[in-house]
$ cat work-v8.cif   # mmCIF, C-alpha atoms and all ligand atoms
data_target
loop_
_atom_site.label_atom_id
_atom_site.label_comp_id
_atom_site.auth_asym_id
_atom_site.auth_seq_id
_atom_site.Cartn_x
_atom_site.Cartn_y
_atom_site.Cartn_z
CA MET I 5 0.00 0.00 0.00
CA ILE I 6 1.33 3.46 -0.83
CA THR I 7 1.08 5.82 2.16
CA LYS I 8 1.30 9.61 2.40
CA PRO I 9 4.73 11.18 2.88
CA LYS I 10 5.92 11.69 6.47
CA GLY I 11 4.70 14.94 8.05
CA CYS I 12 1.74 15.36 5.68
CA ILE I 13 -1.99 15.03 6.39
CA ASP I 14 -5.13 14.14 4.47
CA ILE I 15 -8.08 16.39 5.23
CA THR I 16 -11.27 14.36 4.89
CA GLY I 17 -14.69 13.73 6.43
CA ASP I 18 -15.87 15.97 9.27
CA ASP I 19 -12.38 17.53 9.45
CA SER I 20 -12.77 18.88 5.95
CA LEU I 21 -16.04 20.51 6.98
CA LEU I 22 -14.19 22.35 9.75
CA TRP I 23 -11.54 23.44 7.23
CA GLU I 24 -14.25 24.77 4.92
CA TYR I 25 -15.84 26.65 7.81
CA VAL I 26 -12.56 28.23 8.95
CA ASN I 27 -11.65 29.20 5.38
CA ASP I 28 -15.05 30.91 5.04
CA VAL I 29 -14.46 32.90 8.25
CA VAL I 30 -10.94 33.88 7.12
CA ASN I 31 -12.05 34.94 3.63
CA THR I 32 -14.94 37.02 4.98
CA MET I 33 -12.72 38.83 7.49
CA MET I 34 -10.07 39.51 4.85
CA ARG I 35 -12.66 41.09 2.57
CA THR I 36 -14.07 43.17 5.43
CA TYR I 37 -10.60 44.62 6.04
CA ASN I 38 -10.26 45.26 2.27
CA TYR I 39 -7.48 42.73 1.54
CA GLU I 40 -7.02 41.37 -1.98
CA TYR I 41 -6.56 37.61 -2.60
CA ILE I 42 -3.20 36.70 -4.13
CA ARG I 43 -2.03 33.28 -5.30
CA THR I 44 1.63 32.71 -6.06
CA PRO I 45 3.39 29.48 -7.13
CA ILE I 46 4.08 26.68 -4.66
CA PHE I 47 7.66 26.57 -5.95
CA GLU I 48 9.94 29.49 -6.66
CA ALA I 49 13.58 30.01 -7.65
CA SER I 50 15.66 28.82 -4.67
CA GLU I 51 17.52 32.14 -4.68
CA LEU I 52 14.32 33.96 -3.63
CA PHE I 53 14.29 32.27 -0.22
CA HIS I 54 18.06 32.50 0.24
CA ARG I 55 17.83 36.27 -0.23
CA SER I 56 14.67 36.85 1.84
CA VAL I 57 14.23 34.27 4.60
CA GLY I 58 18.03 34.36 4.88
CA GLU I 59 21.03 32.04 4.35
CA THR I 60 21.60 31.79 8.09
CA SER I 61 18.01 31.03 9.10
CA ASP I 62 17.18 27.47 10.21
CA ILE I 63 14.56 27.33 7.47
CA VAL I 64 17.00 27.87 4.60
CA LYS I 65 19.89 26.01 6.24
CA LYS I 66 18.05 22.83 7.13
CA GLU I 67 14.41 22.79 6.15
CA THR I 68 13.77 23.61 2.50
CA TYR I 69 12.71 21.09 -0.14
CA ASP I 70 15.11 21.92 -2.97
CA PHE I 71 15.14 20.29 -6.39
CA LYS I 72 16.40 20.76 -9.91
CA ASP I 73 13.91 20.71 -12.77
CA LYS I 74 14.61 19.06 -16.10
CA ALA I 75 16.31 22.23 -17.36
CA ASP I 76 18.63 22.21 -14.33
CA ARG I 77 16.99 25.21 -12.61
CA SER I 78 17.27 25.30 -8.79
CA LEU I 79 13.78 25.45 -7.34
CA THR I 80 12.42 25.31 -3.79
CA LEU I 81 8.99 24.42 -2.43
CA ARG I 82 7.91 27.58 -0.62
CA PRO I 83 8.62 27.36 3.14
CA GLU I 84 6.50 30.50 3.73
CA GLY I 85 4.37 32.98 1.80
CA THR I 86 5.97 36.42 2.22
CA ALA I 87 8.84 36.01 -0.27
CA GLY I 88 6.57 34.89 -3.13
CA VAL I 89 4.12 37.75 -2.57
CA ILE I 90 6.94 40.32 -2.70
CA ARG I 91 8.50 38.67 -5.74
CA SER I 92 5.11 38.96 -7.49
CA PHE I 93 4.62 42.58 -6.35
CA ILE I 94 8.01 43.54 -7.83
CA GLU I 95 7.77 41.41 -10.99
CA ASN I 96 4.28 42.72 -11.87
CA LYS I 97 5.31 46.29 -10.99
CA CYS I 98 2.32 46.56 -8.65
CA TYR I 99 4.05 49.44 -6.88
CA HIS I 100 2.96 51.61 -9.84
CA LEU I 101 -0.70 50.93 -9.09
CA PRO I 102 -2.20 52.45 -5.95
CA ASP I 103 0.26 53.53 -3.27
CA ILE I 104 -0.61 50.68 -0.94
CA LYS I 105 -1.27 47.02 -1.63
CA LYS I 106 -3.03 44.83 0.93
CA TYR I 107 -2.75 41.15 -0.03
CA TYR I 108 -3.99 37.99 1.63
CA TYR I 109 -3.19 34.38 0.86
CA ASN I 110 -4.04 30.90 2.02
CA GLY I 111 -2.00 27.89 0.95
CA THR I 112 0.35 25.05 1.70
CA MET I 113 3.95 25.62 2.80
CA TYR I 114 6.78 23.07 3.04
CA ARG I 115 9.48 22.67 5.67
CA TYR I 116 11.60 19.58 6.25
CA GLU I 117 11.14 19.57 10.03
CA ARG I 118 10.92 16.72 12.54
CA PRO I 119 7.18 15.98 12.45
CA GLN I 120 5.38 16.21 15.79
CA ASN I 121 2.17 17.59 17.22
CA GLY I 122 1.59 20.96 15.53
CA ARG I 123 4.66 20.60 13.32
CA LEU I 124 4.19 19.22 9.84
CA ARG I 125 6.26 19.07 6.67
CA GLU I 126 3.33 20.18 4.52
CA PHE I 127 1.20 22.68 6.45
CA THR I 128 -1.25 25.44 5.59
CA GLN I 129 -0.89 29.12 6.37
CA PHE I 130 -3.22 32.03 5.81
CA GLY I 131 -1.60 35.40 5.98
CA VAL I 132 -1.41 38.99 4.78
CA GLU I 133 1.27 41.29 3.41
CA VAL I 134 0.72 45.05 3.32
CA LEU I 135 3.17 46.79 1.00
CA GLY I 136 3.76 50.52 0.67
CA SER I 137 2.95 52.09 4.06
CA ASN I 138 5.14 52.69 7.07
CA ASP I 139 2.34 54.20 9.18
CA PRO I 140 2.10 52.42 12.58
CA ILE I 141 -1.66 52.28 12.00
CA ILE I 142 -0.92 49.45 9.55
CA ASP I 143 1.13 47.54 12.17
CA ALA I 144 -1.87 47.80 14.49
CA GLU I 145 -4.34 46.84 11.73
CA VAL I 146 -2.38 43.73 10.74
CA ILE I 147 -2.02 42.56 14.35
CA SER I 148 -5.66 43.30 15.05
CA LEU I 149 -6.84 41.44 11.93
CA GLN I 150 -4.91 38.34 12.97
CA TYR I 151 -6.31 38.62 16.49
CA LYS I 152 -9.89 39.20 15.35
CA ILE I 153 -9.87 36.22 12.96
CA LEU I 154 -8.81 33.92 15.82
CA GLU I 155 -11.31 35.57 18.15
CA SER I 156 -14.15 35.12 15.67
CA LEU I 157 -13.33 31.39 15.66
CA HIS I 158 -14.00 31.58 19.44
CA ILE I 159 -10.44 30.73 20.48
CA GLU I 160 -10.16 32.21 23.96
CA ASN I 161 -7.42 33.91 26.00
CA LEU I 162 -5.53 35.18 23.02
CA GLN I 163 -2.37 37.15 23.63
CA VAL I 164 -0.10 38.98 21.26
CA ASN I 165 3.57 38.86 22.25
CA ILE I 166 5.13 41.92 20.70
CA ASN I 167 8.61 43.36 20.44
CA SER I 168 10.54 45.83 18.33
CA LEU I 169 13.86 45.20 16.63
CA GLY I 170 14.07 48.85 15.60
CA ASP I 171 15.66 50.27 12.48
CA GLU I 172 19.07 49.32 11.09
CA GLU I 173 21.00 51.55 13.49
CA SER I 174 19.15 50.20 16.55
CA ARG I 175 19.62 46.63 15.39
CA GLN I 176 23.32 47.16 14.83
CA ASN I 177 23.75 48.66 18.32
CA TYR I 178 21.84 45.77 19.80
CA LYS I 179 23.83 43.17 17.88
CA GLU I 180 27.07 44.62 19.22
CA ALA I 181 25.76 44.59 22.79
CA LEU I 182 24.55 41.00 22.43
CA VAL I 183 27.85 39.78 20.99
CA LYS I 184 29.74 41.49 23.82
CA TYR I 185 27.45 39.87 26.40
CA LEU I 186 27.62 36.38 24.86
CA GLU I 187 31.35 36.22 24.14
CA PRO I 188 32.48 35.17 27.65
CA HIS I 189 29.77 32.45 27.70
CA LEU I 190 30.56 30.96 24.29
CA ASP I 191 31.71 27.60 25.72
CA LEU I 192 28.35 27.08 27.38
CA LEU I 193 26.27 27.66 24.25
CA CYS I 194 24.91 24.72 22.25
CA ASP I 195 26.71 23.76 19.02
CA ASP I 196 24.08 25.41 16.84
CA CYS I 197 24.41 28.67 18.80
CA LYS I 198 28.20 28.64 18.54
CA GLU I 199 27.65 28.66 14.78
CA ARG I 200 24.90 31.29 15.04
CA PHE I 201 27.25 33.48 17.08
CA LYS I 202 29.42 33.80 13.99
CA THR I 203 26.69 34.04 11.35
CA ASN I 204 23.64 35.65 12.98
CA PRO I 205 23.82 36.20 16.75
CA LEU I 206 20.19 37.40 17.04
CA ARG I 207 19.10 33.86 16.16
CA ILE I 208 20.57 32.68 19.50
CA LEU I 209 17.70 34.42 21.28
CA ASP I 210 15.17 31.84 20.17
CA CYS I 211 17.37 28.81 20.86
CA LYS I 212 15.43 26.02 22.58
CA THR I 213 18.21 24.26 24.55
CA ASP I 214 18.20 24.79 28.34
CA ALA I 215 21.86 25.71 28.79
CA THR I 216 21.61 28.55 26.29
CA ASN I 217 18.29 29.56 27.79
CA GLU I 218 19.86 30.16 31.23
CA ILE I 219 22.47 32.47 29.71
CA LEU I 220 19.84 34.31 27.73
CA LYS I 221 17.82 35.21 30.83
CA LYS I 222 20.18 38.11 31.51
CA ALA I 223 20.90 38.98 27.87
CA PRO I 224 20.41 42.57 26.74
CA LYS I 225 16.93 43.38 25.37
CA THR I 226 16.27 44.79 21.91
CA ILE I 227 13.90 47.47 23.21
CA ASP I 228 16.69 48.94 25.38
CA TYR I 229 18.74 49.61 22.23
CA LEU I 230 16.08 51.34 20.12
CA ASN I 231 17.04 54.79 18.93
CA GLU I 232 14.63 57.65 19.60
CA GLU I 233 12.73 57.29 16.31
CA SER I 234 12.32 53.52 16.60
CA ARG I 235 11.23 53.80 20.24
CA LYS I 236 8.60 56.41 19.40
CA ARG I 237 7.37 54.30 16.52
CA PHE I 238 6.99 51.26 18.78
CA GLU I 239 5.14 53.30 21.41
CA THR I 240 2.71 54.51 18.75
CA VAL I 241 2.00 50.93 17.63
CA LEU I 242 1.23 49.99 21.26
CA LYS I 243 -0.99 53.06 21.67
CA TYR I 244 -3.01 52.08 18.59
CA LEU I 245 -3.32 48.50 19.88
CA ASP I 246 -4.71 49.91 23.14
CA ILE I 247 -7.36 51.80 21.18
CA LEU I 248 -8.21 48.59 19.31
CA GLU I 249 -8.41 46.77 22.67
CA ILE I 250 -5.96 44.06 21.63
CA ASP I 251 -4.33 42.19 24.54
CA TYR I 252 -0.57 42.27 24.15
CA GLU I 253 2.53 41.64 26.20
CA VAL I 254 5.81 43.33 25.34
CA ASN I 255 8.12 40.32 25.16
CA PRO I 256 11.80 41.05 24.41
CA LYS I 257 12.43 37.39 23.54
CA ILE I 258 10.42 37.61 20.33
CA VAL I 259 12.96 37.99 17.52
CA ARG I 260 11.37 35.56 14.98
CA GLY I 261 13.10 32.86 12.98
CA LEU I 262 13.27 34.61 9.63
CA ASP I 263 15.94 37.17 8.78
CA TYR I 264 13.93 39.89 7.05
CA TYR I 265 12.37 41.68 10.02
CA ASP I 266 12.87 45.14 11.49
CA HIS I 267 10.76 47.30 13.85
CA THR I 268 7.55 45.54 15.00
CA VAL I 269 7.65 41.75 15.45
CA PHE I 270 4.88 39.71 17.06
CA GLU I 271 3.50 36.24 17.72
CA ILE I 272 0.05 35.22 18.86
CA VAL I 273 -0.81 32.43 21.29
CA SER I 274 -3.87 31.25 23.14
CA LEU I 275 -2.92 31.19 26.84
CA ASP I 276 -5.22 28.14 27.19
CA HIS I 277 -3.05 26.17 24.76
CA ASN I 278 0.36 27.63 25.36
CA ASP I 279 2.57 24.77 26.43
CA THR I 280 5.15 24.42 23.67
CA GLN I 281 6.75 26.33 20.84
CA GLN I 282 4.25 24.47 18.61
CA SER I 283 1.40 26.38 20.24
CA VAL I 284 2.27 29.64 18.49
CA LEU I 285 -0.76 30.17 16.26
CA GLY I 286 0.76 32.85 14.10
CA GLY I 287 3.43 35.47 13.81
CA GLY I 288 4.75 38.23 11.68
CA GLY I 289 6.40 41.59 11.57
CA ARG I 290 7.61 44.52 9.57
CA TYR I 291 10.27 44.19 6.86
CA ASN I 292 11.12 47.65 5.57
CA LYS I 293 14.33 46.57 3.82
CA LEU I 294 13.16 43.41 2.09
CA ILE I 295 11.46 44.83 -1.00
CA LYS I 296 14.60 46.75 -1.96
CA GLU I 297 16.80 43.75 -1.17
CA LEU I 298 14.77 41.74 -3.69
CA ASP I 299 15.48 44.40 -6.37
CA GLY I 300 12.21 46.28 -5.89
CA PRO I 301 11.64 49.92 -4.98
CA ASP I 302 12.60 51.30 -1.58
CA SER I 303 9.22 50.60 -0.01
CA TYR I 304 7.73 49.31 3.23
CA GLY I 305 6.13 46.04 4.23
CA ILE I 306 4.52 44.19 7.10
CA GLY I 307 2.53 40.97 7.39
CA PHE I 308 1.59 37.92 9.40
CA ALA I 309 0.91 34.24 8.82
CA CYS I 310 -1.16 31.84 10.93
CA GLY I 311 -0.83 28.06 10.98
CA LEU I 312 -4.23 26.66 9.99
CA ASP I 313 -3.34 23.10 11.06
CA ARG I 314 -2.63 24.32 14.60
CA ILE I 315 -5.82 26.38 14.70
CA ILE I 316 -7.95 23.44 13.53
CA ALA I 317 -6.28 21.19 16.14
CA ILE I 318 -7.46 23.62 18.86
CA LEU I 319 -10.98 23.94 17.42
CA LYS I 320 -11.30 20.14 17.46
CA THR I 321 -10.84 20.14 21.25
CA MET I 322 -13.62 22.72 21.74
CA ASP I 323 -17.21 21.68 22.62
CA LEU I 324 -18.52 24.26 20.18
CA TYR I 325 -17.15 22.33 17.21
CA LYS I 326 -17.72 18.77 18.51
CA ASP I 327 -21.05 18.31 16.73
CA ILE I 328 -20.00 19.72 13.42
CA LYS I 329 -21.20 17.10 10.93
CA ARG I 330 -21.79 16.99 7.21
CA GLN I 331 -25.57 17.33 6.91
CA ILE I 332 -28.05 17.76 4.12
CA GLU I 333 -31.42 19.51 4.17
CA VAL I 334 -33.54 17.42 1.82
CA TYR I 335 -33.44 13.85 0.53
CA VAL I 336 -35.47 13.02 -2.60
CA MET I 337 -36.74 9.41 -2.79
CA TYR I 338 -38.05 7.44 -5.77
CA VAL I 339 -38.23 3.88 -7.09
CA SER I 340 -39.47 3.71 -10.69
CA GLU I 341 -37.77 5.21 -13.77
CA GLU I 342 -40.80 7.51 -14.22
CA GLU I 343 -40.39 8.84 -10.64
CA LYS I 344 -36.63 9.20 -11.21
CA LEU I 345 -37.25 11.67 -14.07
CA HIS I 346 -39.18 13.91 -11.67
CA ALA I 347 -36.52 13.40 -9.00
CA ILE I 348 -33.76 14.63 -11.33
CA ASP I 349 -35.77 17.77 -12.07
CA ILE I 350 -36.70 18.52 -8.43
CA VAL I 351 -33.15 17.96 -7.16
CA GLN I 352 -31.76 20.37 -9.75
CA ASN I 353 -34.39 23.05 -9.01
CA LEU I 354 -33.75 22.85 -5.28
CA ARG I 355 -29.96 23.01 -5.72
CA LEU I 356 -30.25 26.03 -7.97
CA ASN I 357 -32.24 27.67 -5.18
CA GLY I 358 -29.49 27.01 -2.62
CA VAL I 359 -31.04 24.00 -0.87
CA ILE I 360 -28.60 21.23 0.14
CA VAL I 361 -30.18 18.17 -1.42
CA GLU I 362 -29.27 14.58 -2.20
CA THR I 363 -30.97 11.66 -3.92
CA ASP I 364 -30.36 7.97 -4.55
CA THR I 365 -27.72 7.09 -7.14
CA LEU I 366 -27.18 3.46 -6.13
CA ASN I 367 -30.57 1.95 -7.08
CA LYS I 368 -31.46 1.40 -3.43
CA GLY I 369 -34.98 0.35 -2.49
CA LEU I 370 -37.15 2.69 -0.38
CA LYS I 371 -35.93 1.12 2.88
CA GLY I 372 -32.33 1.72 1.94
CA GLN I 373 -33.12 5.30 0.93
CA PHE I 374 -34.81 6.03 4.30
CA LYS I 375 -31.66 4.74 6.01
CA GLU I 376 -29.42 6.91 3.84
CA ALA I 377 -31.59 10.00 4.53
CA ASP I 378 -31.20 9.34 8.29
CA ARG I 379 -27.43 8.90 7.95
CA LEU I 380 -27.18 12.24 6.15
CA GLN I 381 -29.50 13.80 8.77
CA ALA I 382 -31.91 15.15 6.17
CA LYS I 383 -34.54 17.43 7.69
CA LEU I 384 -37.15 16.89 4.97
CA LEU I 385 -37.83 13.91 2.70
CA ILE I 386 -39.52 14.27 -0.67
CA ILE I 387 -41.10 10.91 -1.47
CA LEU I 388 -42.18 10.47 -5.08
CA ASN I 389 -44.75 7.92 -6.24
CA ASN I 390 -46.41 7.53 -9.62
CA GLU I 391 -49.97 7.75 -8.32
CA ASP I 392 -49.52 11.18 -6.69
CA LEU I 393 -47.32 12.44 -9.52
CA LYS I 394 -50.19 11.81 -11.97
CA LYS I 395 -52.24 14.26 -9.86
CA GLY I 396 -49.34 16.72 -9.85
CA LEU I 397 -48.53 16.07 -6.17
CA VAL I 398 -45.46 15.00 -4.14
CA ASN I 399 -45.19 13.85 -0.50
CA VAL I 400 -43.02 15.82 1.87
CA LYS I 401 -42.17 14.24 5.20
CA ASP I 402 -40.59 15.98 8.18
CA ASN I 403 -37.93 13.49 9.24
CA ALA I 404 -38.08 14.54 12.91
CA THR I 405 -41.86 14.80 13.55
CA LYS I 406 -42.70 12.20 10.85
CA GLU I 407 -45.59 14.45 9.72
CA GLU I 408 -46.40 14.14 6.02
CA GLU I 409 -48.03 16.55 3.62
CA LYS I 410 -48.98 16.45 -0.07
CA VAL I 411 -47.63 19.44 -1.99
CA ASP I 412 -48.36 20.65 -5.52
CA ILE I 413 -45.25 19.80 -7.60
CA SER I 414 -45.21 23.32 -9.12
CA GLU I 415 -44.84 24.82 -5.61
CA ILE I 416 -42.28 22.38 -4.21
CA VAL I 417 -39.29 24.75 -4.17
CA GLU I 418 -41.18 27.52 -2.31
CA TYR I 419 -42.67 24.96 0.08
CA ILE I 420 -39.28 23.41 0.93
CA ILE I 421 -37.60 26.78 1.42
CA GLY I 422 -40.47 27.90 3.65
CA ASN I 423 -40.29 24.76 5.80
CA LEU I 424 -36.55 24.31 6.34
P1 LIG Y 1 6.43 31.68 10.79
O1 LIG Y 1 6.47 32.10 12.21
O2 LIG Y 1 7.57 30.89 10.27
O3 LIG Y 1 6.25 33.00 9.93
O4 LIG Y 1 5.09 30.86 10.52
C1 LIG Y 1 3.83 31.38 10.87
C2 LIG Y 1 2.97 30.29 11.49
O5 LIG Y 1 2.90 29.15 10.62
C3 LIG Y 1 3.50 29.72 12.80
O6 LIG Y 1 3.18 30.55 13.89
C4 LIG Y 1 2.77 28.39 12.86
O7 LIG Y 1 1.46 28.55 13.36
C5 LIG Y 1 2.71 27.98 11.40
N1 LIG Y 1 3.78 26.99 11.12
C6 LIG Y 1 5.08 27.25 10.87
N2 LIG Y 1 5.75 26.10 10.66
C7 LIG Y 1 4.86 25.10 10.79
C8 LIG Y 1 4.92 23.67 10.68
N3 LIG Y 1 6.05 23.05 10.38
N4 LIG Y 1 3.78 22.94 10.89
C9 LIG Y 1 2.61 23.58 11.19
N5 LIG Y 1 2.48 24.91 11.29
C10 LIG Y 1 3.59 25.67 11.09
C11 LIG Y 1 6.19 33.06 8.58
O8 LIG Y 1 6.07 32.08 7.87
C12 LIG Y 1 6.22 34.46 8.01
N6 LIG Y 1 6.17 34.37 6.55
C13 LIG Y 1 5.09 35.29 8.57
C14 LIG Y 1 5.07 36.67 8.02
C15 LIG Y 1 4.26 37.15 7.06
N7 LIG Y 1 5.89 37.65 8.36
C16 LIG Y 1 5.61 38.72 7.65
N8 LIG Y 1 4.63 38.42 6.84
#
$ encode --input "work-v8.cif" --output "structure tokens"
Amino acid sequence: MITKPKGCIDITGDDSLLWEYVNDVVNTMMRTYNYEYIRTPIFEASELFHRSVGETSDIVKKETYDFKDKADRSLTLRPEGTAGVIRSFIENKCYHLPDIKKYYYNGTMYRYERPQNGRLREFTQFGVEVLGSNDPIIDAEVISLQYKILESLHIENLQVNINSLGDEESRQNYKEALVKYLEPHLDLLCDDCKERFKTNPLRILDCKTDATNEILKKAPKTIDYLNEESRKRFETVLKYLDILEIDYEVNPKIVRGLDYYDHTVFEIVSLDHNDTQQSVLGGGGRYNKLIKELDGPDSYGIGFACGLDRIIAILKTMDLYKDIKRQIEVYVMYVSEEEKLHAIDIVQNLRLNGVIVETDTLNKGLKGQFKEADRLQAKLLIILNNEDLKKGLVNVKDNATKEEEKVDISEIVEYIIGNL
């Protein structure tokens, strides 16, 4: 038997219903906030991720799915969505259109990680990228949108952990302070961090090994090294979040695992489900240098991405979603070929009027069809028989009360809609 690749999932049955529901909520919220849907390829030139996510990031160093196509091009399955959106923005010269672009996306991402609860090799993210504005109101909008989507799914005790890396000058000052602080402790750092110390010392801050963790407790904090402008900017973002009544915690440990960030960085967790690193539901931040670094104009950007697989895993533990089942509204029953011709017509008319309807396609007898209607939890049954059809009538049965009524076939759609 051929099985699915390690770290991947199939979404089927009642799970897929939950996915459809969450996607509907996400899409509606995105439209309310005036975001435009964007779809970019699942694979891109490998160089795109090397130059954006960063050569020294764990993602590019260890986790990308790289391959050569038949023409010997180096391609990579996207490990995240931001780089592709910016590549498209630059390539299609969208910066010449309106001054600001607000994109949203929803799709699969690929990282060769050790699969575990909440950590997959193929996973789904929805996210946004806002390109063209440096106003802190956008930082607050993006954070609030992420928060409100999770809140509208009824996930409770949400908290945004927020930090600022500041502009280039602030980051440089911080980097120097961090290197100075870490140098005498180098021997005690884990092997990965010894390497990071040389290539990208900020990465050490989100190391997961205990020994390094102890040393990091007293490490300098990014917010203490912000220059005046960056500090004011961060304070304004927090002020706007207060107005939007978003719960946040300034957390100097948030530096994020991708290299492109500056200024605001954030992650969102539910305090009810906050036991491991895998419980981070989403994260993002500002990247005011990235568009230029990818050969675009000198413009601004900020975005977030949420892990849909993690969100669905939480929803599945909630009472609210326990009874979510695939249900239909009406089941149309028939036996003879003559009755079937009417069934085909009625089913189509009901579907075109937005009623969820099913009928027999397996030549089951009436008993079997009653059973199937119960399994699908149909509310109403339309039972066709030749005798009534000759008089222009059909039988409609309420599957809960078992009450039956004869309805004129020409009025069946209105009757069903009125009785659902
Ligand atoms: P990220 O923090 O790498 O950010 O991923 C965002 C979210 O995707 C995580 O918080 C998590 O919920 C989910 N996620 C990440 N890896 C996995 C995995 N292996 N299995 C399941 N879920 C996962 C980004 O990807 C940035 N592009 C976000 C961003 C957008 N920054 C600016 N704009």
$ residues_around --input "work-v8.cif" --residues "I:Thr112" --least-positions-apart "6" --cutoff "12 Å" --atoms "only C-alpha atoms" --output "CSV table (one decimal) with C-alpha atoms, in the coordinates of the input"
chain,number,residue,atom,x,y,z
I,12,CYS,CA,1.7,15.4,5.7
I,13,ILE,CA,-2.0,15.0,6.4
I,43,ARG,CA,-2.0,33.3,-5.3
I,44,THR,CA,1.6,32.7,-6.1
I,45,PRO,CA,3.4,29.5,-7.1
I,46,ILE,CA,4.1,26.7,-4.7
I,47,PHE,CA,7.7,26.6,-6.0
I,81,LEU,CA,9.0,24.4,-2.4
I,82,ARG,CA,7.9,27.6,-0.6
I,83,PRO,CA,8.6,27.4,3.1
I,84,GLU,CA,6.5,30.5,3.7
I,85,GLY,CA,4.4,33.0,1.8
I,124,LEU,CA,4.2,19.2,9.8
I,125,ARG,CA,6.3,19.1,6.7
I,126,GLU,CA,3.3,20.2,4.5
I,127,PHE,CA,1.2,22.7,6.4
I,128,THR,CA,-1.2,25.4,5.6
I,129,GLN,CA,-0.9,29.1,6.4
I,130,PHE,CA,-3.2,32.0,5.8
I,131,GLY,CA,-1.6,35.4,6.0
I,309,ALA,CA,0.9,34.2,8.8
I,310,CYS,CA,-1.2,31.8,10.9
I,311,GLY,CA,-0.8,28.1,11.0
I,312,LEU,CA,-4.2,26.7,10.0
I,313,ASP,CA,-3.3,23.1,11.1
$ axis_aligned_box --input "work-v8.cif" --around "ligand LIG 1 (chain Y)" --padding-each-side "4 Å" --output "JSON"
{"center_x": 4.5, "center_y": 30.8, "center_z": 10.2, "size_x": 14.1, "size_y": 23.8, "size_z": 15.3}
$ residues_around --input "work-v8.cif" --residues "I:Leu388" --least-positions-apart "6" --cutoff "12 Å" --atoms "all atoms listed in the file" --output "ChimeraX atom specification"
/I:335-351,363,370,394-401,410-413,416
$ closest_residue --input "work-v8.cif" --among "I:Val30, I:Val273, I:Leu245, I:Ile421" --to "I:Pro140" --atoms "only C-alpha atoms"
I:Leu245
$ atom_distance --input "work-v8.cif" --atom1 "atom CA of I:Val89" --atom2 "atom CA of I:Gly136"
13.2 Å
$ residues_around --input "work-v8.cif" --residues "I:Gly170" --least-positions-apart "5" --cutoff "10 Å" --atoms "only C-alpha atoms" --output "PyMOL selection string"
chain I and resi 175-176+178+226-227+229-235+237-238+265-269+290
$ atom_distance --input "work-v8.cif" --atom1 "atom CA of I:Lys106" --atom2 "atom CA of I:Val134"
4.5 Å
$ closest_atom_pairs --input "work-v8.cif" --of "stretch 233-264 of chain I" --to "stretch 149-157 of chain I" --cutoff "12 Å" --atoms "all atoms listed in the file" --output "JSON lines"
{"residue": "I:Leu245", "atom": "CA", "partner": "I:Tyr151", "partner_atom": "CA", "distance": 10.9}
{"residue": "I:Leu248", "atom": "CA", "partner": "I:Lys152", "partner_atom": "CA", "distance": 10.3}
{"residue": "I:Glu249", "atom": "CA", "partner": "I:Tyr151", "partner_atom": "CA", "distance": 10.4}
{"residue": "I:Ile250", "atom": "CA", "partner": "I:Tyr151", "partner_atom": "CA", "distance": 7.5}
{"residue": "I:Asp251", "atom": "CA", "partner": "I:Tyr151", "partner_atom": "CA", "distance": 9.0}
{"residue": "I:Tyr252", "atom": "CA", "partner": "I:Tyr151", "partner_atom": "CA", "distance": 10.2}
$ atom_distance --input "work-v8.cif" --atom1 "atom CA of I:Thr68" --atom2 "atom N3 of ligand LIG 1 (chain Y)"
11.0 Å
$ closest_residue --input "work-v8.cif" --among "I:Asp143, I:Glu409, I:Asp18, I:Asp392" --to "I:Ile306" --atoms "all atoms listed in the file"
I:Asp143
$ residues_near_point --input "work-v8.cif" --point "(-2.0, 45.6, -0.8)" --cutoff "8 Å" --atoms "only C-alpha atoms" --output "PyMOL selection string"
chain I and resi 39-40+104-107+133-136
$ residues_around --input "work-v8.cif" --residues "I:Ser56" --least-positions-apart "2" --cutoff "8 Å" --atoms "only C-alpha atoms" --output "list in words"
Leu52, Phe53, His54, Gly58, Ala87, Asp263, Tyr264, Leu294, Glu297 and Leu298 of chain I
$ residues_around --input "work-v8.cif" --residues "I:Glu95" --least-positions-apart "5" --cutoff "10 Å" --atoms "all atoms listed in the file" --output "ChimeraX atom specification"
/I:89-90,299-300
$ closest_residue --input "work-v8.cif" --among "I:Asn367, I:Ser148, I:Ser414, I:Thr80" --to "I:Val164" --atoms "only C-alpha atoms"
I:Ser148
$ closest_residue --input "work-v8.cif" --among "I:Gly289, I:Gly11, I:Gly17, I:Pro256" --to "ligand LIG 1 (chain Y)" --atoms "only C-alpha atoms and all ligand atoms"
I:Gly289
$ closest_residue --input "work-v8.cif" --among "I:Asp103, I:Asp279, I:Glu218, I:Glu271" --to "ligand LIG 1 (chain Y)" --atoms "only C-alpha atoms and all ligand atoms"
I:Glu271
$ closest_residue --input "work-v8.cif" --among "I:Leu169, I:Leu22, I:Ala317, I:Leu242" --to "ligand LIG 1 (chain Y)" --atoms "all atoms listed in the file"
I:Ala317
